[in-house]
$ cat coords_36.cif   # mmCIF, C-alpha atoms and all ligand atoms
data_query
loop_
_atom_site.label_atom_id
_atom_site.label_comp_id
_atom_site.auth_asym_id
_atom_site.auth_seq_id
_atom_site.Cartn_x
_atom_site.Cartn_y
_atom_site.Cartn_z
CA MET A 1 0.00 0.00 0.00
CA GLY A 2 1.36 3.42 -0.91
CA ARG A 3 1.98 6.24 1.49
CA MET A 4 -0.83 8.25 -0.04
CA ARG A 5 -3.46 5.68 0.81
CA ALA A 6 -2.02 5.15 4.27
CA ALA A 7 -2.04 8.90 4.87
CA ALA A 8 -5.61 9.16 3.69
CA MET A 9 -6.69 6.33 5.99
CA LEU A 10 -4.95 7.90 8.94
CA SER A 11 -6.58 11.27 8.42
CA TYR A 12 -9.84 9.34 8.36
CA VAL A 13 -8.90 7.89 11.73
CA PHE A 14 -8.20 11.24 13.25
CA THR A 15 -10.97 13.31 11.80
CA VAL A 16 -13.94 11.00 11.60
CA LEU A 17 -13.33 8.61 14.41
CA LEU A 18 -12.18 8.72 17.96
CA GLY A 19 -9.63 11.39 17.32
CA SER A 20 -7.17 13.02 19.63
CA ALA A 21 -8.57 11.53 22.82
CA LEU A 22 -6.69 8.36 21.94
CA LEU A 23 -3.32 9.99 21.44
CA GLY A 24 -0.79 8.26 23.61
CA SER A 25 -2.70 5.03 23.87
CA GLY A 26 -1.18 1.93 22.33
CA LEU A 27 -3.94 1.38 19.85
CA LEU A 28 -6.30 3.40 17.82
CA LEU A 29 -9.85 2.47 17.20
CA LEU A 30 -10.50 2.57 13.51
CA SER A 31 -13.92 2.91 11.98
CA GLY A 32 -17.19 1.70 13.36
CA CYS A 33 -19.00 4.81 14.55
CA GLY A 34 -22.65 4.05 14.39
CA ARG A 35 -24.86 7.12 14.53
CA GLU A 36 -25.78 6.44 18.12
CA ALA A 37 -22.25 6.13 19.54
CA VAL A 38 -21.84 7.63 23.01
CA SER A 39 -18.53 7.73 24.83
CA ARG A 40 -17.11 8.84 28.13
CA GLU A 41 -13.50 9.09 29.25
CA GLU A 42 -11.74 9.51 32.56
CA TYR A 43 -8.15 9.36 33.73
CA LEU A 44 -7.93 6.21 35.88
CA LEU A 45 -5.45 3.36 36.40
CA GLY A 46 -2.71 5.81 35.43
CA THR A 47 -4.07 6.24 31.92
CA LEU A 48 -6.89 7.64 29.84
CA CYS A 49 -9.84 5.24 29.96
CA ARG A 50 -12.43 5.63 27.25
CA ILE A 51 -15.59 3.60 26.77
CA THR A 52 -17.76 3.91 23.68
CA LEU A 53 -21.21 2.33 23.64
CA TYR A 54 -23.38 1.81 20.62
CA GLY A 55 -27.13 1.73 20.78
CA ASN A 56 -27.31 2.29 24.53
CA ARG A 57 -28.42 5.59 26.02
CA ASP A 58 -28.37 4.60 29.67
CA ALA A 59 -26.08 7.16 31.37
CA GLY A 60 -26.24 5.05 34.56
CA LEU A 61 -24.38 2.29 32.71
CA PHE A 62 -21.38 4.59 32.23
CA ASP A 63 -21.44 5.37 35.97
CA ASP A 64 -21.41 1.65 36.76
CA LEU A 65 -18.57 0.95 34.33
CA PHE A 66 -16.36 3.77 35.60
CA ASP A 67 -17.20 2.92 39.22
CA ARG A 68 -15.89 -0.58 38.54
CA ILE A 69 -12.63 0.80 37.12
CA ARG A 70 -12.31 3.06 40.18
CA GLU A 71 -12.90 0.08 42.47
CA ILE A 72 -10.12 -1.89 40.74
CA GLU A 73 -7.78 1.10 40.88
CA ALA A 74 -8.54 1.60 44.58
CA ALA A 75 -7.54 -2.02 45.24
CA MET A 76 -4.58 -2.47 42.89
CA SER A 77 -2.75 0.83 42.42
CA VAL A 78 0.67 1.06 44.03
CA LYS A 79 0.39 4.84 43.63
CA LEU A 80 -2.38 4.95 46.27
CA PRO A 81 -1.09 4.35 49.82
CA SER A 82 -4.64 3.33 50.77
CA SER A 83 -4.85 0.53 48.16
CA GLU A 84 -4.98 -3.12 49.04
CA VAL A 85 -1.74 -3.80 47.13
CA SER A 86 0.01 -0.99 49.06
CA ARG A 87 -1.23 -2.61 52.28
CA ILE A 88 0.07 -6.03 51.17
CA ASN A 89 3.41 -4.43 50.30
CA ARG A 90 3.65 -2.68 53.68
CA ALA A 91 2.97 -6.02 55.37
CA ALA A 92 6.03 -7.42 53.58
CA GLY A 93 8.13 -4.96 55.61
CA ASP A 94 11.60 -3.77 54.65
CA PRO A 95 14.40 -6.15 53.67
CA ALA A 96 15.71 -6.24 57.27
CA ALA A 97 12.32 -7.14 58.79
CA GLY A 98 11.27 -10.60 59.92
CA ASP A 99 9.39 -13.09 57.73
CA PRO A 100 6.20 -11.46 56.37
CA ALA A 101 2.94 -12.74 57.82
CA ALA A 102 -0.01 -13.80 55.66
CA VAL A 103 -2.53 -11.00 54.98
CA PRO A 104 -6.09 -11.17 53.65
CA VAL A 105 -6.59 -10.48 49.93
CA SER A 106 -9.83 -9.61 48.12
CA GLN A 107 -11.21 -11.81 45.35
CA ASP A 108 -10.40 -9.23 42.65
CA THR A 109 -6.79 -8.81 43.65
CA MET A 110 -6.32 -12.54 44.20
CA GLU A 111 -7.56 -13.25 40.68
CA VAL A 112 -4.98 -10.89 39.19
CA ILE A 113 -2.20 -12.30 41.38
CA ARG A 114 -3.08 -15.90 40.49
CA ALA A 115 -3.16 -15.10 36.77
CA SER A 116 0.13 -13.21 37.10
CA ILE A 117 1.77 -16.22 38.72
CA ARG A 118 0.47 -18.46 35.91
CA TYR A 119 1.89 -16.09 33.28
CA GLY A 120 5.10 -15.85 35.27
CA GLU A 121 5.43 -19.63 34.86
CA LEU A 122 4.42 -19.54 31.20
CA THR A 123 6.95 -16.82 30.37
CA ARG A 124 9.63 -18.46 32.53
CA GLY A 125 9.83 -15.40 34.76
CA ALA A 126 9.87 -12.72 32.05
CA PHE A 127 6.54 -11.54 33.48
CA ASP A 128 7.04 -11.14 37.22
CA VAL A 129 4.35 -9.62 39.43
CA THR A 130 6.94 -9.11 42.21
CA ILE A 131 8.82 -6.59 40.02
CA GLY A 132 7.83 -3.86 42.58
CA PRO A 133 11.27 -3.22 44.17
CA LEU A 134 12.75 -2.58 40.70
CA VAL A 135 9.81 -0.39 39.62
CA GLU A 136 10.22 1.69 42.80
CA LEU A 137 13.99 1.89 42.37
CA TRP A 138 13.89 3.02 38.74
CA ASP A 139 10.87 5.31 39.24
CA ILE A 140 10.55 5.73 35.47
CA GLY A 141 8.70 8.94 34.69
CA GLY A 142 9.47 10.36 38.14
CA ALA A 143 10.92 13.83 38.74
CA ASP A 144 14.75 14.22 38.47
CA PHE A 145 15.21 10.79 36.95
CA ARG A 146 18.65 9.23 36.96
CA PRO A 147 19.53 5.54 36.56
CA PRO A 148 20.07 3.83 39.92
CA PRO A 149 23.52 2.50 40.90
CA GLU A 150 24.39 -1.11 40.07
CA THR A 151 24.52 -2.14 43.74
CA ALA A 152 20.95 -0.91 44.28
CA ILE A 153 19.80 -2.80 41.16
CA ARG A 154 21.42 -5.99 42.47
CA GLY A 155 19.77 -5.50 45.87
CA ALA A 156 16.31 -5.03 44.33
CA LEU A 157 16.83 -8.02 42.00
CA GLY A 158 17.22 -10.25 45.03
CA LEU A 159 13.64 -9.36 46.01
CA VAL A 160 12.05 -10.18 42.64
CA ASP A 161 10.74 -13.73 42.32
CA TYR A 162 7.05 -14.55 41.89
CA ARG A 163 7.77 -18.16 42.93
CA LEU A 164 8.29 -16.96 46.50
CA ILE A 165 4.68 -15.75 46.84
CA ASP A 166 2.89 -17.99 49.30
CA LEU A 167 -0.88 -18.47 48.91
CA PRO A 168 -1.87 -20.46 51.99
CA ASP A 169 -5.56 -20.37 51.07
CA ALA A 170 -7.99 -18.79 48.58
CA SER A 171 -8.01 -15.39 50.29
CA SER A 172 -4.61 -14.77 51.83
CA LEU A 173 -1.07 -14.17 50.74
CA ALA A 174 2.35 -13.98 52.33
CA MET A 175 5.42 -12.64 50.57
CA GLY A 176 8.23 -15.14 50.83
CA LYS A 177 10.87 -12.56 51.77
CA PRO A 178 10.82 -9.28 53.68
CA GLY A 179 11.12 -6.32 51.30
CA MET A 180 9.29 -7.98 48.39
CA ARG A 181 6.69 -5.81 46.60
CA LEU A 182 3.86 -6.59 44.22
CA ASP A 183 3.31 -4.44 41.14
CA LEU A 184 0.12 -5.15 39.19
CA GLY A 185 0.82 -2.45 36.56
CA GLY A 186 1.34 -5.06 33.84
CA ALA A 187 -1.98 -6.84 34.45
CA ALA A 188 -4.59 -4.65 36.20
CA LYS A 189 -5.80 -2.78 33.11
CA GLY A 190 -6.46 -6.10 31.40
CA TYR A 191 -8.41 -7.35 34.40
CA ALA A 192 -10.43 -4.12 34.40
CA ALA A 193 -11.25 -4.52 30.70
CA ASP A 194 -12.52 -8.08 31.33
CA GLU A 195 -14.64 -6.84 34.23
CA LEU A 196 -16.17 -4.12 32.03
CA LEU A 197 -16.93 -6.74 29.42
CA ALA A 198 -18.76 -8.81 32.07
CA ILE A 199 -20.92 -5.80 33.03
CA LEU A 200 -21.69 -5.06 29.37
CA ASP A 201 -22.63 -8.70 28.83
CA ARG A 202 -24.99 -8.67 31.80
CA ARG A 203 -26.64 -5.50 30.47
CA GLY A 204 -27.04 -7.02 27.04
CA VAL A 205 -24.75 -4.52 25.28
CA GLY A 206 -23.58 -6.29 22.16
CA SER A 207 -21.53 -3.51 20.59
CA ALA A 208 -18.93 -1.44 22.46
CA LEU A 209 -15.31 -0.41 22.51
CA VAL A 210 -13.30 -0.26 25.71
CA ASP A 211 -9.90 1.45 25.63
CA LEU A 212 -7.93 1.52 28.86
CA GLY A 213 -4.73 3.21 27.73
CA GLY A 214 -3.92 0.82 24.92
CA ASN A 215 -5.78 -2.14 26.40
CA ILE A 216 -8.63 -2.41 23.93
CA TYR A 217 -11.65 -4.66 24.19
CA ALA A 218 -13.69 -4.84 20.98
CA VAL A 219 -17.07 -6.03 22.25
CA GLY A 220 -19.21 -7.82 19.67
CA CYS A 221 -19.06 -6.20 16.28
CA LYS A 222 -19.99 -2.88 14.74
CA PRO A 223 -23.68 -1.95 14.85
CA ASN A 224 -23.88 -2.86 11.14
CA GLY A 225 -22.56 -6.36 11.85
CA ASP A 226 -19.05 -5.84 10.46
CA PRO A 227 -16.06 -6.66 12.66
CA TRP A 228 -14.27 -3.79 14.41
CA ARG A 229 -11.06 -2.59 12.85
CA ILE A 230 -8.40 -2.06 15.49
CA GLY A 231 -5.24 -0.18 14.64
CA VAL A 232 -1.81 -1.04 16.03
CA GLN A 233 0.09 2.07 16.97
CA ASN A 234 3.27 3.10 15.24
CA PRO A 235 5.62 2.94 18.24
CA PHE A 236 7.89 5.63 16.74
CA ASP A 237 5.15 8.18 16.23
CA SER A 238 4.12 10.10 19.32
CA ARG A 239 1.01 11.36 17.52
CA GLY A 240 -0.38 7.85 17.73
CA ALA A 241 -0.62 7.01 14.05
CA ALA A 242 -1.47 3.41 13.18
CA LEU A 243 1.10 1.25 11.39
CA GLY A 244 -1.51 -1.38 10.61
CA ALA A 245 -4.96 -2.62 11.47
CA MET A 246 -6.92 -5.82 11.80
CA ALA A 247 -10.51 -7.02 11.92
CA VAL A 248 -11.46 -7.96 15.49
CA THR A 249 -14.64 -9.32 17.07
CA ASP A 250 -15.07 -10.10 20.77
CA ARG A 251 -11.37 -9.91 21.52
CA ALA A 252 -8.93 -7.88 23.55
CA VAL A 253 -5.98 -6.27 21.80
CA VAL A 254 -3.34 -5.17 24.29
CA THR A 255 -0.08 -3.42 23.47
CA SER A 256 3.13 -3.06 25.48
CA GLY A 257 5.90 -0.77 24.38
CA PRO A 258 8.69 1.45 25.65
CA TYR A 259 7.01 4.52 24.20
CA GLU A 260 4.21 4.30 26.77
CA ARG A 261 6.35 5.56 29.65
CA TYR A 262 10.00 6.50 29.74
CA SER A 263 12.54 8.95 31.17
CA LEU A 264 15.52 10.58 29.50
CA TYR A 265 18.92 10.88 31.13
CA GLN A 266 21.96 12.27 29.33
CA GLY A 267 20.31 11.62 25.99
CA VAL A 268 19.49 7.96 26.77
CA ARG A 269 15.90 6.69 27.05
CA TYR A 270 14.98 4.46 29.97
CA HIS A 271 11.53 2.87 29.73
CA HIS A 272 9.15 1.15 32.12
CA ILE A 273 9.30 -2.52 31.12
CA LEU A 274 12.01 -4.08 33.23
CA ALA A 275 13.83 -7.36 32.69
CA PRO A 276 13.67 -9.52 35.84
CA SER A 277 16.96 -11.09 34.69
CA SER A 278 19.05 -7.90 34.54
CA GLY A 279 16.98 -5.51 36.64
CA ARG A 280 17.13 -2.94 33.82
CA PRO A 281 14.75 -1.65 31.16
CA VAL A 282 14.50 -4.29 28.44
CA ARG A 283 16.68 -3.57 25.41
CA ASN A 284 16.17 -6.36 22.91
CA GLY A 285 15.39 -4.69 19.60
CA LEU A 286 11.61 -4.72 20.12
CA ALA A 287 9.60 -1.52 19.81
CA GLY A 288 6.18 -2.95 20.65
CA VAL A 289 4.14 -6.11 21.10
CA SER A 290 0.37 -6.36 20.64
CA ILE A 291 -1.53 -9.43 21.80
CA LEU A 292 -4.96 -10.47 20.56
CA ALA A 293 -6.86 -12.78 22.93
CA LYS A 294 -10.28 -13.53 24.34
CA SER A 295 -9.16 -12.51 27.85
CA ALA A 296 -7.76 -9.00 28.29
CA LEU A 297 -6.02 -10.11 31.50
CA ALA A 298 -4.19 -12.83 29.57
CA ALA A 299 -3.38 -10.38 26.76
CA ASP A 300 -2.05 -7.82 29.26
CA CYS A 301 0.26 -10.28 31.05
CA LEU A 302 1.36 -11.75 27.73
CA SER A 303 2.08 -8.40 26.04
CA THR A 304 4.41 -7.38 28.86
CA GLY A 305 5.86 -10.90 29.14
CA ALA A 306 6.39 -11.36 25.40
CA PHE A 307 8.03 -7.94 25.21
CA VAL A 308 10.53 -9.03 27.87
CA LEU A 309 11.08 -12.42 26.20
CA GLY A 310 12.01 -10.76 22.90
CA LEU A 311 11.13 -11.52 19.30
CA GLU A 312 12.21 -15.12 18.95
CA ALA A 313 11.14 -16.57 22.30
CA GLY A 314 8.04 -14.34 22.39
CA LEU A 315 6.84 -15.44 18.96
CA ALA A 316 7.51 -19.08 19.82
CA LEU A 317 5.51 -18.82 23.06
CA ILE A 318 2.50 -17.02 21.57
CA GLY A 319 2.54 -19.39 18.59
CA GLU A 320 1.99 -22.31 20.99
CA LEU A 321 -1.00 -20.76 22.77
CA PRO A 322 -4.42 -21.62 21.35
CA ASP A 323 -6.56 -18.65 20.28
CA VAL A 324 -3.86 -16.07 21.09
CA GLU A 325 -2.20 -14.03 18.33
CA ALA A 326 0.48 -11.36 18.31
CA VAL A 327 2.07 -8.54 16.35
CA PHE A 328 5.74 -7.89 17.16
CA VAL A 329 7.31 -4.64 15.90
CA THR A 330 11.09 -4.29 15.93
CA ASP A 331 13.30 -1.21 16.15
CA GLU A 332 14.23 -1.98 12.52
CA ARG A 333 10.54 -1.53 11.59
CA ASP A 334 9.97 -5.19 10.83
CA VAL A 335 6.50 -6.45 11.72
CA HIS A 336 6.24 -10.13 12.69
CA LEU A 337 2.87 -11.87 12.96
CA THR A 338 1.75 -15.15 14.46
CA ALA A 339 0.18 -17.53 11.93
CA GLY A 340 -3.42 -16.59 12.74
CA LEU A 341 -2.87 -12.95 11.74
CA VAL A 342 -1.34 -13.58 8.34
CA GLY A 343 -3.89 -12.22 5.89
CA VAL A 344 -5.84 -10.57 8.72
CA PHE A 345 -3.38 -7.86 9.77
CA GLU A 346 -3.11 -5.13 7.14
CA LEU A 347 -0.02 -2.93 6.98
CA LEU A 348 -1.01 0.73 6.56
CA ASP A 349 2.40 2.39 6.69
CA ASP A 350 4.95 1.31 4.11
CA SER A 351 7.90 2.53 6.15
CA PHE A 352 7.38 -0.81 7.97
CA ARG A 353 7.96 -4.27 6.45
CA LEU A 354 5.87 -7.36 7.00
CA ALA A 355 8.16 -10.26 7.86
CA CYS A 356 5.96 -13.29 7.22
CA GLY A 357 6.60 -17.01 7.42
CA GLU A 358 8.01 -17.00 10.95
P1 LIG B 1 2.34 -2.94 30.36
O1 LIG B 1 2.11 -1.50 30.07
O2 LIG B 1 1.12 -3.77 30.51
O3 LIG B 1 3.34 -3.58 29.47
O4 LIG B 1 2.97 -3.02 31.82
C1 LIG B 1 4.10 -2.30 32.18
C2 LIG B 1 4.05 -2.11 33.67
O5 LIG B 1 4.15 -3.39 34.31
C3 LIG B 1 5.19 -1.28 34.19
O6 LIG B 1 4.86 0.09 34.23
C4 LIG B 1 5.39 -1.88 35.58
O7 LIG B 1 4.44 -1.37 36.49
C5 LIG B 1 5.09 -3.35 35.35
N1 LIG B 1 6.25 -4.14 34.88
C6 LIG B 1 7.44 -3.72 34.38
N2 LIG B 1 8.21 -4.76 34.04
C7 LIG B 1 7.49 -5.88 34.33
C8 LIG B 1 7.75 -7.29 34.23
N3 LIG B 1 8.90 -7.76 33.74
N4 LIG B 1 6.79 -8.13 34.64
C9 LIG B 1 5.60 -7.69 35.14
N5 LIG B 1 5.31 -6.38 35.26
C10 LIG B 1 6.23 -5.49 34.86
MG MG B 2 0.70 -5.77 30.29
#
$ encode --input "coords_36.cif" --output "structure tokens"
Amino acid sequence: MGRMRAAAMLSYVFTVLLGSALLGSGLLLLSGCGREAVSREEYLLGTLCRITLYGNRDAGLFDDLFDRIREIEAAMSVKLPSSEVSRINRAAGDPAAGDPAAVPVSQDTMEVIRASIRYGELTRGAFDVTIGPLVELWDIGGADFRPPPETAIRGALGLVDYRLIDLPDASSLAMGKPGMRLDLGGAAKGYAADELLAILDRRGVGSALVDLGGNIYAVGCKPNGDPWRIGVQNPFDSRGAALGAMAVTDRAVVTSGPYERYSLYQGVRYHHILAPSSGRPVRNGLAGVSILAKSALAADCLSTGAFVLGLEAGLALIGELPDVEAVFVTDERDVHLTAGLVGVFELLDDSFRLACGE
């Protein structure tokens, strides 16, 4: 496809569709505005959350949906000292404290922790929900950023290991080591998207788009019966242009990439996805990974995990999972697809190359 057509399609995206409100999110929602589209957006879970409903004029439904996001944020945010996860982390004490005691955990938070442990196993530790000490140490995006010293990185690394989480029963948790910290930043938005889907299902809404900062859920299909078209963001373009798009029905599409949050120090970029092996921001030639799956929680854990694993191991892992597909974008602008997306994913920007037959 030539640049002209791509440019025309993108201007269509920005002018006719969801427009600038989606700038900065990992994905763009392409096409599909029925006449009766209504949307609401709020800044929650550290990102812009936007929900668009089709054929539903019940303002109370929006209140319920955003209340549910707020409830999940109130439980899972490490930015809120009052959150449940902050309380769990305080109970783990500092590294010099005694063995942490078991603390009660709500059903919501337990579900995210259990899934995170499963995806920790599946990604052989690339996804690690106990990444908290490293996230705190690096404080990517914080004021006066500077990379932490090597000794501090080594110290924090010794506290990162999801296998040490002890779940003595269905509603309690003990960290295996004093000083350990949970961070649900790589999974909570996915869980929230699944929970919104459950509410929409119960209310009989068959056509909606949920966008929680790049965690998209395409509910049902467009009001005219066509599948949604979801764009994958060009990770090098801060304006949020799409490098490609695909037809999606009843699936989550979740993207992880360095461009979502980073700090600059002496001309070097340090981003927010950290390798539990090195304790540093991942540098493996990947610019972004988008995962397509039925469960947004799975897609969220897998997008972060596959990003850490890198192109080869990430593609191999996703390729083995039934009903999960992925788009990997490299720093060299190569786009790699899993088998199920060949012929489905359409490249819109010819400064990228489709590398098929992986
Ligand atoms: P996402 O935007 O879903 O890729 O998640 C990135 C966020 O997950 C970061 O901002 C951290 O809060 C957290 N995180 C960073 N590295 C990891 C990792 N290796 N495993 C699990 N969570 C991580
Ligand atoms: Mg994630």
$ closest_atom_pairs --input "coords_36.cif" --of "chain A" --to "ligand MG 2 (chain B)" --cutoff "7 Å" --atoms "only C-alpha atoms and all ligand atoms" --output "Markdown table"
| residue | atom | partner | partner_atom | distance |
| --- | --- | --- | --- | --- |
| A:Gly186 | CA | B:MG2 | MG | 3.7 |
| A:Ala187 | CA | B:MG2 | MG | 5.1 |
| A:Ser256 | CA | B:MG2 | MG | 6.0 |
| A:Asp300 | CA | B:MG2 | MG | 3.6 |
| A:Cys301 | CA | B:MG2 | MG | 4.6 |
| A:Leu302 | CA | B:MG2 | MG | 6.5 |
| A:Ser303 | CA | B:MG2 | MG | 5.2 |
| A:Thr304 | CA | B:MG2 | MG | 4.3 |
$ closest_residue --input "coords_36.cif" --among "A:Asp99, A:Asp323, A:Asp194, A:Asp350" --to "A:Leu65" --atoms "only C-alpha atoms"
A:Asp194
$ closest_atom_pairs --input "coords_36.cif" --of "chain A" --to "ligand LIG 1 (chain B)" --cutoff "6 Å" --atoms "all atoms listed in the file" --output "tab-separated table"
residue	atom	partner	partner_atom	distance
A:Ala126	CA	B:LIG1	N3	5.3
A:Phe127	CA	B:LIG1	N4	3.6
A:Asp128	CA	B:LIG1	N4	4.0
A:Val129	CA	B:LIG1	C9	4.9
A:Ile131	CA	B:LIG1	C10	5.9
A:Asp183	CA	B:LIG1	O7	5.7
A:Gly185	CA	B:LIG1	O7	3.8
A:Gly186	CA	B:LIG1	O4	3.3
A:Ala187	CA	B:LIG1	O2	5.9
A:Ser256	CA	B:LIG1	O3	4.0
A:His272	CA	B:LIG1	O6	4.9
A:Ile273	CA	B:LIG1	N2	3.8
A:Leu274	CA	B:LIG1	N2	3.9
A:Ala275	CA	B:LIG1	N3	5.1
A:Pro276	CA	B:LIG1	N3	5.5
A:Asp300	CA	B:LIG1	O2	5.3
A:Thr304	CA	B:LIG1	O3	4.0
$ atom_distance --input "coords_36.cif" --atom1 "atom CA of A:Gly319" --atom2 "atom CA of A:Gly340"
8.8 Å
$ residues_around --input "coords_36.cif" --residues "A:Gly176" --least-positions-apart "5" --cutoff "8 Å" --atoms "all atoms listed in the file" --output "PDB file with C-alpha atoms, in the coordinates of the input"
ATOM      1  CA  ASP A  99       9.390 -13.090  57.730  1.00  0.00           C
ATOM      2  CA  PRO A 100       6.200 -11.460  56.370  1.00  0.00           C
ATOM      3  CA  LEU A 164       8.290 -16.960  46.500  1.00  0.00           C
ATOM      4  CA  ILE A 165       4.680 -15.750  46.840  1.00  0.00           C
ATOM      5  CA  ASP A 166       2.890 -17.990  49.300  1.00  0.00           C
TER       6      ASP A 166
END
$ closest_residue --input "coords_36.cif" --among "A:Tyr54, A:Phe352, A:Phe145, A:Tyr217" --to "A:Tyr265" --atoms "only C-alpha atoms"
A:Phe145
$ residues_around --input "coords_36.cif" --residues "A:Pro168" --least-positions-apart "3" --cutoff "12 Å" --atoms "all atoms listed in the file" --output "list of chain:residue names"
A:Ala101, A:Ala102, A:Val103, A:Pro104, A:Val105, A:Met110, A:Ile165, A:Ser171, A:Ser172, A:Leu173, A:Ala174, A:Met175, A:Gly176
$ atom_distance --input "coords_36.cif" --atom1 "atom CA of A:Val205" --atom2 "atom CA of A:Glu36"
13.1 Å
$ atom_distance --input "coords_36.cif" --atom1 "atom CA of A:Val135" --atom2 "atom CA of A:Met76"
14.9 Å
$ closest_residue --input "coords_36.cif" --among "A:Ala193, A:Val85, A:Val253, A:Leu209" --to "A:Met180" --atoms "only C-alpha atoms"
A:Val85
$ closest_residue --input "coords_36.cif" --among "A:Leu321, A:Ala299, A:Leu159, A:Val248" --to "A:Asp94" --atoms "all atoms listed in the file"
A:Leu159
$ residues_near_point --input "coords_36.cif" --point "(-27.8, 1.3, 22.2)" --cutoff "10 Å" --atoms "all atoms listed in the file" --output "list in words"
Gly34, Glu36, Ala37, Val38, Leu53, Tyr54, Gly55, Asn56, Arg57, Asp58, Gly204, Val205, Gly206, Ser207, Ala208 and Pro223 of chain A
$ residues_around --input "coords_36.cif" --residues "stretch 232-236 of chain A" --least-positions-apart "2" --cutoff "10 Å" --atoms "all atoms listed in the file" --output "VMD selection string"
chain A and resid 23 to 30 214 229 to 230 238 to 246 253 to 260 286 to 290 327 329 to 331 333 345 to 349 352
$ closest_residue --input "coords_36.cif" --among "A:Glu41, A:Glu195, A:Asp250, A:Glu73" --to "A:Val219" --atoms "only C-alpha atoms"
A:Asp250
$ residues_near_point --input "coords_36.cif" --point "(-13.5, -11.3, 29.9)" --cutoff "10 Å" --atoms "only C-alpha atoms" --output "number ranges by chain"
A: 190-199, 201, 217, 219, 250-252, 293-298
$ residues_around --input "coords_36.cif" --residues "A:Ala339" --least-positions-apart "5" --cutoff "12 Å" --atoms "only C-alpha atoms" --output "ChimeraX atom specification"
/A:315-316,318-327,344-345,355-358
$ closest_residue --input "coords_36.cif" --among "A:Asp161, A:Arg269, A:Lys189, A:Thr52" --to "A:Arg124" --atoms "only C-alpha atoms"
A:Asp161
